[in-house]
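Have a look at input_32.txt below; it lists compact mmCIF, C-alpha atoms.
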# COMPACT_ATOMS: atom_id res chain seq x y z
CA MET A 258 59.88 75.86 113.91
CA ALA A 259 62.61 78.33 114.76
CA MET A 260 64.63 79.56 111.81
CA ASN A 261 68.35 78.86 111.89
CA THR A 262 69.85 82.31 111.31
CA ARG A 263 73.50 83.15 110.86
CA LYS A 264 75.01 86.09 112.67
CA GLY A 265 77.36 88.55 111.06
CA PHE A 266 78.49 92.20 111.09
CA ARG A 267 76.30 95.28 110.90
CA PHE A 268 77.81 98.24 109.06
CA ALA A 269 76.95 101.86 109.75
CA THR A 270 78.14 105.29 108.65
CA TYR A 271 81.51 106.11 110.22
CA GLU A 272 81.43 108.81 112.85
CA ALA A 273 84.71 110.26 114.03
CA PRO A 274 85.19 109.91 117.78
CA GLU A 275 84.65 113.10 119.69
CA GLN A 276 87.76 114.78 121.00
CA THR A 277 88.03 116.91 124.09
CA PRO A 278 89.48 120.43 123.71
CA PHE A 279 92.71 119.13 125.26
CA GLU A 280 92.99 116.24 122.78
CA LYS A 281 92.50 118.55 119.79
CA LEU A 282 95.20 120.95 120.97
CA PHE A 283 97.51 118.15 122.11
CA ASP A 284 97.59 116.65 118.61
CA ILE A 285 98.71 120.00 117.16
CA PHE A 286 101.12 120.61 120.04
CA GLN A 287 102.97 117.33 119.37
CA GLU A 288 103.66 118.40 115.80
CA LEU A 289 104.77 121.88 116.85
CA ILE A 290 107.11 120.64 119.60
CA THR A 291 108.79 118.38 117.03
CA HIS A 292 109.29 121.22 114.56
CA THR A 293 110.67 123.54 117.27
CA SER A 294 113.14 120.87 118.48
CA GLY A 295 111.60 120.70 121.94
CA ASP A 296 111.37 124.48 122.47
CA PHE A 297 108.16 124.76 124.52
CA ASP A 298 107.90 128.56 124.43
CA GLU A 299 108.23 128.68 120.63
CA ALA A 300 105.71 125.86 120.20
CA ILE A 301 103.15 127.62 122.41
CA GLU A 302 103.72 130.89 120.56
CA TRP A 303 102.91 129.11 117.29
CA LEU A 304 99.88 127.50 118.91
CA ARG A 305 98.57 130.90 120.01
CA GLU A 306 98.98 132.22 116.46
CA LEU A 307 97.08 129.23 115.10
CA ASP A 308 94.39 129.84 117.71
CA LYS A 309 93.97 133.44 116.55
CA GLU A 310 93.61 132.36 112.92
CA TYR A 311 91.50 129.21 113.28
CA GLU A 312 89.76 129.76 116.66
CA LEU A 313 90.94 126.53 118.21
CA THR A 314 89.78 127.53 121.70
CA ASP A 315 86.91 129.41 123.30
CA ASP A 316 86.25 131.21 126.59
CA GLU A 317 85.59 127.92 128.37
CA TYR A 318 88.93 126.38 127.44
CA THR A 319 91.91 128.62 126.62
CA ILE A 320 95.56 128.03 125.73
CA ASP A 321 96.44 128.78 129.36
CA ASP A 322 94.04 126.02 130.46
CA PHE A 323 95.78 123.72 128.01
CA ILE A 324 99.20 124.55 129.51
CA GLU A 325 97.92 123.84 133.02
CA GLU A 326 96.54 120.48 131.87
CA LEU A 327 99.89 119.65 130.26
CA LYS A 328 101.50 120.23 133.66
CA ALA A 329 98.87 118.19 135.49
CA LYS A 330 99.31 115.24 133.11
CA GLY A 331 103.10 115.31 133.49
CA TYR A 332 103.96 116.32 129.90
CA ILE A 333 105.86 119.48 130.85
CA ARG A 334 107.75 120.72 133.89
CA GLU A 335 108.81 124.10 135.24
CA GLU A 336 112.38 124.85 136.26
CA PHE A 337 113.39 128.06 138.00
CA GLU A 338 116.56 130.01 137.28
CA ASP A 339 117.25 130.77 140.94
CA GLY A 340 117.72 127.04 141.63
CA GLY A 341 114.48 126.87 143.56
CA ALA A 342 111.77 124.28 143.34
CA ASP A 343 111.36 122.10 140.28
CA ALA A 344 107.87 120.98 139.31
CA GLY A 345 108.45 117.49 138.00
CA GLU A 346 106.21 115.16 136.02
CA GLY A 347 102.68 115.83 137.18
CA GLN A 348 103.79 117.68 140.33
CA GLU A 349 103.41 121.29 141.30
CA GLY A 350 106.43 123.16 142.59
CA ASP A 351 106.77 126.34 144.62
CA GLU A 352 107.33 129.09 142.07
CA GLY A 353 109.52 131.27 144.27
CA ASP A 354 110.97 134.47 142.86
CA GLY A 355 112.93 133.03 139.92
CA LYS A 356 111.88 132.99 136.29
CA ALA A 357 110.25 129.72 135.24
CA ASN A 358 111.57 127.82 132.22
CA ILE A 359 109.16 125.23 130.90
CA SER A 360 110.45 122.10 129.17
CA ILE A 361 108.97 118.79 128.09
CA THR A 362 109.36 115.68 130.25
CA ALA A 363 110.57 112.15 129.46
CA LYS A 364 106.90 111.14 129.26
CA MET A 365 106.35 113.67 126.47
CA GLU A 366 109.50 112.50 124.66
CA ARG A 367 108.13 108.94 124.59
CA ILE A 368 104.82 110.16 123.18
CA ILE A 369 106.60 112.09 120.42
CA ARG A 370 108.56 108.97 119.42
CA LYS A 371 105.37 106.88 119.44
CA ARG A 372 103.62 109.48 117.28
CA ALA A 373 106.50 109.43 114.78
CA LEU A 374 106.25 105.64 114.62
CA ASP A 375 102.50 105.78 113.99
CA GLN A 376 102.89 108.46 111.32
CA ILE A 377 105.55 106.58 109.36
CA PHE A 378 105.26 102.87 110.09
CA GLY A 379 101.47 102.99 110.29
CA LYS A 380 101.28 103.89 106.59
CA LEU A 381 103.23 100.86 105.39
CA LYS A 382 101.25 98.10 103.75
CA ARG A 383 101.78 94.56 104.93
CA SER A 384 103.27 92.32 102.24
CA GLY A 385 102.10 88.82 101.50
CA ALA A 386 103.98 85.78 102.68
CA GLY A 387 107.18 84.97 100.87
CA ASN A 388 107.88 88.48 99.62
CA HIS A 389 111.20 88.84 101.44
CA LYS A 390 114.43 86.95 100.90
CA THR A 391 115.94 84.82 103.63
CA GLY A 392 118.96 82.57 103.89
CA LYS A 393 117.10 79.95 105.94
CA SER A 394 113.97 77.82 105.51
CA GLY A 395 111.37 76.51 107.94
CA GLN A 396 109.52 78.15 110.80
CA GLY A 397 110.78 81.17 112.66
CA ASP A 398 110.74 81.58 116.41
CA GLU A 399 110.22 85.30 117.00
CA HIS A 400 106.62 86.54 117.20
CA THR A 401 105.78 89.52 115.00
CA GLY A 402 102.26 90.25 116.30
CA ASP A 403 100.78 89.66 112.83
CA PHE A 404 98.26 86.93 111.98
CA ARG A 405 97.75 84.80 108.86
CA GLU A 406 95.73 81.78 107.77
CA TYR A 407 96.78 78.27 108.83
CA ARG A 408 98.98 76.38 106.36
CA TYR A 409 99.98 72.72 106.32
CA GLY A 410 103.04 72.20 108.51
CA ASP A 411 102.33 74.99 110.99
CA GLY A 412 102.91 73.82 114.57
CA LEU A 413 100.05 73.76 117.05
CA GLU A 414 101.97 76.07 119.37
CA HIS A 415 101.69 78.87 116.76
CA ILE A 416 97.88 78.70 116.48
CA SER A 417 96.11 81.68 118.06
CA MET A 418 93.11 80.12 119.81
CA THR A 419 91.42 83.46 120.47
CA GLU A 420 91.49 84.52 116.81
CA SER A 421 90.56 81.00 115.63
CA LEU A 422 87.53 80.78 117.93
CA LYS A 423 86.42 84.23 116.81
CA ASN A 424 86.64 83.11 113.18
CA ALA A 425 84.62 79.97 113.96
CA GLN A 426 81.84 82.01 115.58
CA ILE A 427 81.70 84.42 112.64
CA ASN A 428 81.73 81.66 110.02
CA HIS A 429 79.37 79.14 111.66
CA GLY A 430 77.38 81.07 114.25
CA ILE A 431 77.18 80.51 117.99
CA GLY A 432 74.19 78.18 117.93
CA SER A 433 75.92 75.39 115.98
CA PHE A 434 79.53 75.93 116.93
CA SER A 435 82.21 74.08 114.97
CA LEU A 436 85.90 74.68 114.36
CA ASN A 437 87.35 73.76 110.96
CA GLU A 438 90.80 74.04 109.45
CA GLU A 439 89.64 77.10 107.47
CA ASP A 440 88.93 78.90 110.76
CA LEU A 441 92.43 78.49 112.17
CA VAL A 442 94.64 81.57 112.50
CA VAL A 443 98.40 81.43 113.08
CA GLU A 444 100.54 84.10 114.72
CA ASP A 445 103.34 84.80 112.27
CA THR A 446 106.96 84.38 113.32
CA GLN A 447 110.39 85.12 111.97
CA TYR A 448 113.94 84.22 112.82
CA LYS A 449 115.78 85.79 115.73
CA ALA A 450 118.26 87.40 113.38
CA GLN A 451 119.83 90.31 115.21
CA MET A 452 120.64 93.52 113.39
CA SER A 453 122.96 96.32 114.43
CA THR A 454 122.17 99.58 112.68
CA VAL A 455 123.82 102.99 112.78
CA LEU A 456 121.71 105.89 111.54
CA MET A 457 123.72 108.89 110.34
CA ILE A 458 121.91 112.25 110.15
CA ASP A 459 123.36 115.22 108.30
CA ILE A 460 122.96 118.38 110.41
CA SER A 461 124.87 120.74 108.13
CA HIS A 462 123.35 124.16 107.45
CA SER A 463 121.98 123.09 104.07
CA MET A 464 119.37 120.96 105.86
CA ILE A 465 117.31 124.12 106.43
CA LEU A 466 118.34 126.15 103.40
CA TYR A 467 116.31 126.91 100.27
CA GLY A 468 113.07 127.35 102.21
CA GLU A 469 112.74 123.65 103.02
CA ASP A 470 112.86 122.06 106.46
CA ARG A 471 114.75 118.81 105.92
CA ILE A 472 115.92 118.16 109.46
CA THR A 473 112.42 117.60 110.92
CA PRO A 474 111.54 114.67 108.60
CA ALA A 475 114.98 113.14 109.24
CA LYS A 476 114.44 113.57 112.98
CA LYS A 477 110.99 111.97 112.78
CA VAL A 478 112.41 108.98 110.92
CA ALA A 479 115.09 108.53 113.60
CA MET A 480 112.52 108.70 116.41
CA ALA A 481 110.20 106.26 114.65
CA LEU A 482 113.02 103.82 113.88
CA ALA A 483 114.19 104.00 117.49
CA GLU A 484 110.67 103.32 118.77
CA LEU A 485 110.20 100.42 116.35
CA ILE A 486 113.44 98.71 117.34
CA THR A 487 113.05 99.18 121.09
CA THR A 488 109.44 97.91 121.09
CA ARG A 489 109.30 95.33 118.30
CA TYR A 490 112.92 94.18 117.90
CA PRO A 491 114.47 94.53 121.35
CA LYS A 492 117.38 92.25 120.41
CA ASP A 493 118.44 94.64 117.64
CA THR A 494 120.60 97.67 118.33
CA LEU A 495 120.30 101.18 116.96
CA ASP A 496 122.99 103.83 117.35
CA ILE A 497 122.41 107.35 116.08
CA LEU A 498 125.05 109.88 115.16
CA VAL A 499 124.98 113.34 113.63
CA PHE A 500 127.63 114.85 111.41
CA GLY A 501 128.51 118.40 110.49
CA ASN A 502 132.10 119.65 110.75
CA ASP A 503 132.63 116.66 113.04
CA ALA A 504 130.57 113.61 114.01
CA TRP A 505 129.32 112.61 117.43
CA PRO A 506 126.80 110.10 118.81
CA ILE A 507 123.50 111.18 120.29
CA SER A 508 121.07 109.27 122.49
CA ILE A 509 117.45 108.51 121.64
CA LYS A 510 116.49 110.95 124.40
CA GLU A 511 118.19 113.80 122.51
CA LEU A 512 116.33 113.28 119.23
CA PRO A 513 113.40 115.68 119.85
CA TYR A 514 115.90 118.48 120.51
CA LEU A 515 118.04 117.92 117.41
CA ARG A 516 118.87 121.12 115.52
CA VAL A 517 120.88 122.09 112.46
CA GLY A 518 124.14 123.93 113.11
CA PRO A 519 126.29 126.32 111.06
CA TYR A 520 128.27 123.33 109.79
CA HIS A 521 129.82 121.99 106.62
CA THR A 522 129.41 118.27 105.80
CA ASN A 523 132.14 115.97 107.10
CA THR A 524 130.85 112.67 105.70
CA VAL A 525 134.17 110.93 106.36
CA ALA A 526 133.98 111.65 110.10
CA GLY A 527 130.44 110.28 110.22
CA LEU A 528 131.39 107.07 108.41
CA ARG A 529 134.46 106.54 110.56
CA LEU A 530 132.47 106.90 113.77
CA ALA A 531 129.70 104.62 112.44
CA MET A 532 132.19 101.86 111.63
CA ASP A 533 133.84 102.22 115.03
CA MET A 534 130.43 101.75 116.66
CA LEU A 535 129.66 98.65 114.61
CA ARG A 536 133.05 97.06 115.23
CA ARG A 537 132.08 96.76 118.89
CA LYS A 538 128.84 94.92 118.09
CA ARG A 539 128.77 91.14 118.25
CA ASN A 540 125.89 90.82 115.80
CA THR A 541 126.71 89.36 112.40
CA ASN A 542 124.27 91.62 110.57
CA LYS A 543 125.44 95.22 110.49
CA GLN A 544 124.40 98.17 108.37
CA ILE A 545 124.64 101.94 108.06
CA PHE A 546 121.78 104.23 107.03
CA MET A 547 122.91 107.71 105.98
CA ILE A 548 120.45 110.59 105.51
CA THR A 549 122.04 113.56 103.78
CA ASP A 550 121.12 116.33 101.37
CA GLY A 551 124.48 117.76 100.44
CA LYS A 552 127.89 116.99 99.13
CA PRO A 553 130.85 116.23 101.41
CA SER A 554 132.57 119.55 101.94
CA CYS A 555 134.77 119.17 105.02
CA LEU A 556 137.59 117.08 106.46
CA ARG A 557 139.47 117.27 109.71
CA LEU A 558 143.21 117.10 109.10
CA PRO A 559 145.68 115.26 111.37
CA ASP A 560 146.85 118.57 112.86
CA GLY A 561 143.28 119.35 114.02
CA ASN A 562 142.55 121.99 111.40
CA TYR A 563 139.58 121.73 109.03
CA TYR A 564 139.86 121.51 105.29
CA LYS A 565 136.67 122.95 103.78
CA ASN A 566 135.49 123.48 100.23
CA SER A 567 131.83 124.14 99.44
CA VAL A 568 132.38 124.83 95.74
CA GLY A 569 131.55 121.79 93.64
CA LEU A 570 132.93 118.38 94.51
CA ASP A 571 136.42 118.57 95.98
CA GLU A 572 138.45 115.66 94.57
CA TYR A 573 140.49 115.24 97.77
CA ILE A 574 137.39 115.06 100.01
CA VAL A 575 135.47 112.82 97.58
CA GLU A 576 138.31 110.30 97.35
CA LYS A 577 138.42 110.06 101.15
CA CYS A 578 134.69 109.23 101.07
CA TYR A 579 135.25 106.49 98.51
CA ASN A 580 138.03 105.03 100.69
CA MET A 581 135.67 104.90 103.68
CA ALA A 582 133.06 103.13 101.53
CA ARG A 583 135.62 100.51 100.52
CA GLN A 584 136.68 99.99 104.15
CA ALA A 585 133.07 99.40 105.16
CA ARG A 586 132.74 96.87 102.36
CA LYS A 587 135.75 94.93 103.67
CA LEU A 588 134.07 94.84 107.09
CA HIS A 589 130.85 93.51 105.47
CA ILE A 590 128.98 96.69 106.43
CA PRO A 591 126.63 97.84 103.64
CA ILE A 592 125.80 101.53 103.49
CA THR A 593 122.36 102.66 102.35
CA THR A 594 122.33 106.32 101.37
CA PHE A 595 119.10 108.30 101.39
CA MET A 596 119.89 111.36 99.28
CA ILE A 597 117.49 114.28 99.77
CA ALA A 598 118.74 116.13 96.70
CA GLN A 599 118.35 115.84 92.94
CA ASP A 600 121.45 117.69 91.65
CA PRO A 601 122.92 115.54 88.84
CA TYR A 602 126.54 115.90 89.96
CA LEU A 603 125.64 114.96 93.54
CA MET A 604 123.66 111.95 92.32
CA GLN A 605 126.70 110.89 90.32
CA PHE A 606 128.86 111.10 93.46
CA VAL A 607 126.38 108.94 95.39
CA ARG A 608 126.36 106.36 92.59
CA HIS A 609 130.16 106.06 92.69
CA PHE A 610 130.11 105.95 96.48
CA THR A 611 127.49 103.18 96.45
CA GLU A 612 129.45 101.21 93.86
CA ALA A 613 132.56 101.37 96.03
CA ASN A 614 130.63 99.95 98.97
CA LYS A 615 128.32 97.60 97.02
CA GLY A 616 125.52 99.13 99.04
CA LYS A 617 122.31 100.87 98.02
CA ALA A 618 121.17 104.40 97.31
CA PHE A 619 117.74 106.03 97.25
CA PHE A 620 117.28 109.39 95.59
CA THR A 621 114.23 110.75 97.31
CA GLY A 622 112.54 113.89 98.43
CA LEU A 623 111.23 114.35 101.94
CA LYS A 624 107.97 112.63 101.11
CA GLY A 625 108.30 108.88 101.43
CA LEU A 626 111.66 108.99 103.23
CA GLY A 627 110.34 107.15 106.27
CA GLU A 628 108.59 104.47 104.23
CA MET A 629 111.78 103.77 102.25
CA ILE A 630 113.92 103.43 105.37
CA PHE A 631 111.44 101.17 107.13
CA GLU A 632 110.95 98.91 104.12
CA ASP A 633 114.71 98.61 103.70
CA TYR A 634 115.23 97.89 107.39
CA GLU A 635 112.57 95.18 107.40
CA SER A 636 113.93 93.67 104.18
CA ASN A 637 117.54 93.62 105.41
CA ARG A 638 116.52 92.10 108.69
CA ARG A 639 115.11 89.05 106.91
CA LYS A 640 118.30 88.22 105.08
CA ARG A 641 121.91 87.75 106.06
CA LEU A 642 123.97 90.76 105.07
CA LYS A 643 127.36 89.88 103.61
Conversion result in structure tokens:
Amino acid sequence: MAMNTRKGFRFATYEAPEQTPFEKLFDIFQELITHTSGDFDEAIEWLRELDKEYELTDDEYTIDDFIEELKAKGYIREEFEDGGADAGEGQEGDEGDGKANISITAKMERIIRKRALDQIFGKLKRSGAGNHKTGKSGQGDEHTGDFREYRYGDGLEHISMTESLKNAQINHGIGSFSLNEEDLVVEDTQYKAQMSTVLMIDISHSMILYGEDRITPAKKVAMALAELITTRYPKDTLDILVFGNDAWPISIKELPYLRVGPYHTNTVAGLRLAMDMLRRKRNTNKQIFMITDGKPSCLRLPDGNYYKNSVGLDEYIVEKCYNMARQARKLHIPITTFMIAQDPYLMQFVRHFTEANKGKAFFTGLKGLGEMIFEDYESNRRKRLK
């Protein structure tokens, strides 16, 4: 008599997948190109230094081979100063007599954004059901891509048959197939609440002072947030602006090349531009995320001149910031400030600023900045902002 055996999983010691020489160097190159703000020559120079110290390559595969493979795969392109041929994505151009300038392509920019998303959002732990507030009850109608167990009241259209059948085979075996309620898996949904977000990034000189690179983590967060919204929440909008002596919008395409300038911090200009952007949005839910590490130290006067004061907190500049916070509150636009500084007097300013807006403030270092922003974005998206 044949024994009725149940099938299951077989566990073995984990073995890391083998990487080709290109894959190993490409992983390092992505990090370097982010830190160098898209400067290919500087990134390769750093890569050569790392190669000398850690022997990343050998005679069979060199850094020059890696560069040629980057060209072949369409990650970089050559442009010539004499206006000659341009080797586009994955194409070879006629070098001519001009000097070649190598830059990354749109394909590489997308990969950098995807990497930032994986680095930041991939670390977040999924919360259990019912952990977020919402102003509505019942089932949602926007798929999240996440799965959960079946609960009474779930509609049949939300049941994932593929996952449910897989569960049934694991739980009962293939020989005596049966499908029970405990085997059912539901694709989770949420409401089609649309969110308009403006992300403000401080690019004043203090973002690279004191031996700490603060602009790269801020840039990574912006790229990851942009990738999340465009891929997972396409109905949401994200506008990005930078502020130094003035404020101006930048496109997602410009993020890898973002650099700090010799600027003071004109927080008022950034807030004014952010509110102007959000006024044009038809979404009910609007919010501002501001990443900064310094105090407001600059204003542009009506005559076009700049009023600057880097010593302490200037009462005139600070009061203008408070007024902008109150204006945003009247427009039902909450401001969440991510303060990358721990100076007590600056923290006190942020507390007063947050109180004027009835928003939120996080006093954080560079570590955990991305997780905080993503958790706050996800939380705000599940409730109506008023």
Residues within 7 Å of stretch 510-514 of chain A, all atoms listed in the file, excluding chain neighbours under 5 positions, as a count of residues only: 6
Dump as an mmCIF file with C-alpha atoms, in the coordinates of the input all residues having an atom at most 10 Å from (104.7, 124.4, 129.1), computed in the file's coordinates with only C-alpha atoms.
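Ended up saving to out_16.cif:
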data_model
loop_
_atom_site.group_PDB
_atom_site.id
_atom_site.type_symbol
_atom_site.label_atom_id
_atom_site.label_comp_id
_atom_site.auth_asym_id
_atom_site.auth_seq_id
_atom_site.Cartn_x
_atom_site.Cartn_y
_atom_site.Cartn_z
ATOM 1 C CA ASP A 296 111.370 124.480 122.470
ATOM 2 C CA PHE A 297 108.160 124.760 124.520
ATOM 3 C CA ASP A 298 107.900 128.560 124.430
ATOM 4 C CA ALA A 300 105.710 125.860 120.200
ATOM 5 C CA ILE A 301 103.150 127.620 122.410
ATOM 6 C CA ASP A 321 96.440 128.780 129.360
ATOM 7 C CA PHE A 323 95.780 123.720 128.010
ATOM 8 C CA ILE A 324 99.200 124.550 129.510
ATOM 9 C CA GLU A 325 97.920 123.840 133.020
ATOM 10 C CA GLU A 326 96.540 120.480 131.870
ATOM 11 C CA LEU A 327 99.890 119.650 130.260
ATOM 12 C CA LYS A 328 101.500 120.230 133.660
ATOM 13 C CA TYR A 332 103.960 116.320 129.900
ATOM 14 C CA ILE A 333 105.860 119.480 130.850
ATOM 15 C CA ARG A 334 107.750 120.720 133.890
ATOM 16 C CA GLU A 335 108.810 124.100 135.240
ATOM 17 C CA ALA A 357 110.250 129.720 135.240
ATOM 18 C CA ASN A 358 111.570 127.820 132.220
ATOM 19 C CA ILE A 359 109.160 125.230 130.900
ATOM 20 C CA SER A 360 110.450 122.100 129.170
ATOM 21 C CA ILE A 361 108.970 118.790 128.090
ATOM 22 C CA THR A 362 109.360 115.680 130.250
#
Six-sided padding of 3 Å per side, axis-aligned box over stretch 482-491 of chain A, centre and edges in Å, one decimal, as JSON:
{"center_x": 111.9, "center_y": 99.1, "center_z": 117.6, "size_x": 11.2, "size_y": 15.8, "size_z": 13.5}
Would you work out the distance separating atom CA of A:Trp303 from atom CA of A:Ile465, expressed in Å to one decimal?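 These two atoms are separated by 18.7 Å.
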Could you tell me how far atom CA of A:Tyr520 sits from atom CA of A:Glu484, in Å to one decimal place?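 Straight-line distance from atom CA of A:Glu484 to atom CA of A:Tyr520 works out to 28.1 Å.
Our summary of the geometry notes that atom CA of A:Ser453 is positioned 15.2 Å from atom CA of A:Ile509.
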Counting all atoms listed in the file, I want the residues whose atoms come within 12 Å of (126.6, 117.1, 102.4) in the file frame, returned as a VMD selection string. chain A and resid 457 to 464 499 to 502 520 to 527 547 to 556 565 to 571 574 to 575 578 594 to 598 600 603 to 604 606 to 607
Which residue of A:Glu576, A:Asp496, A:Glu280, A:Glu310 approaches A:Ala531 most closely, using all atoms listed in the file: A:Asp496
Between A:Tyr407, A:Arg586, A:Leu626, A:Thr621, which residue has the minimum interatomic distance to A:Met532, considering only C-alpha atoms? A:Arg586
Long-range neighbours of A:Val442 as a PDB file with C-alpha atoms, in the coordinates of the input, 6 Å cut-off, only C-alpha atoms, 3 positions minimum in chain:
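Contents of the output file around.pdb:
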ATOM      1  CA  ARG A 405      97.750  84.800 108.860  1.00  0.00           C
ATOM      2  CA  GLU A 406      95.730  81.780 107.770  1.00  0.00           C
ATOM      3  CA  TYR A 407      96.780  78.270 108.830  1.00  0.00           C
ATOM      4  CA  ILE A 416      97.880  78.700 116.480  1.00  0.00           C
ATOM      5  CA  SER A 417      96.110  81.680 118.060  1.00  0.00           C
ATOM      6  CA  SER A 421      90.560  81.000 115.630  1.00  0.00           C
TER       7      SER A 421
END
Quick one: residues within 6 Å of A:Glu444, all atoms listed in the file counted, chain neighbours fewer than 5 positions away excluded, as a ChimeraX atom specification? /A:403-404,415
When you look at A:Arg539 with a cut-off of 12 Å (counting all atoms listed in the file), what residues show up, excluding the ones that are within fewer than 6 positions of it in the same chain? I need them as a list in words. Gln451, Met452, Ser453, Lys492, Asp493 and Thr494 of chain A
Could you pull the residues within 7 Å of A:Ile497, counting all atoms listed in the file, minus those fewer than 3 positions along the same chain, as a PyMOL selection string? chain A and resi 455-457+506-508
So, with all atoms listed in the file as the atoms that count, which of A:Asn580, A:Ser636, A:Thr270, A:Thr419 lies closest to A:Thr611? A:Asn580
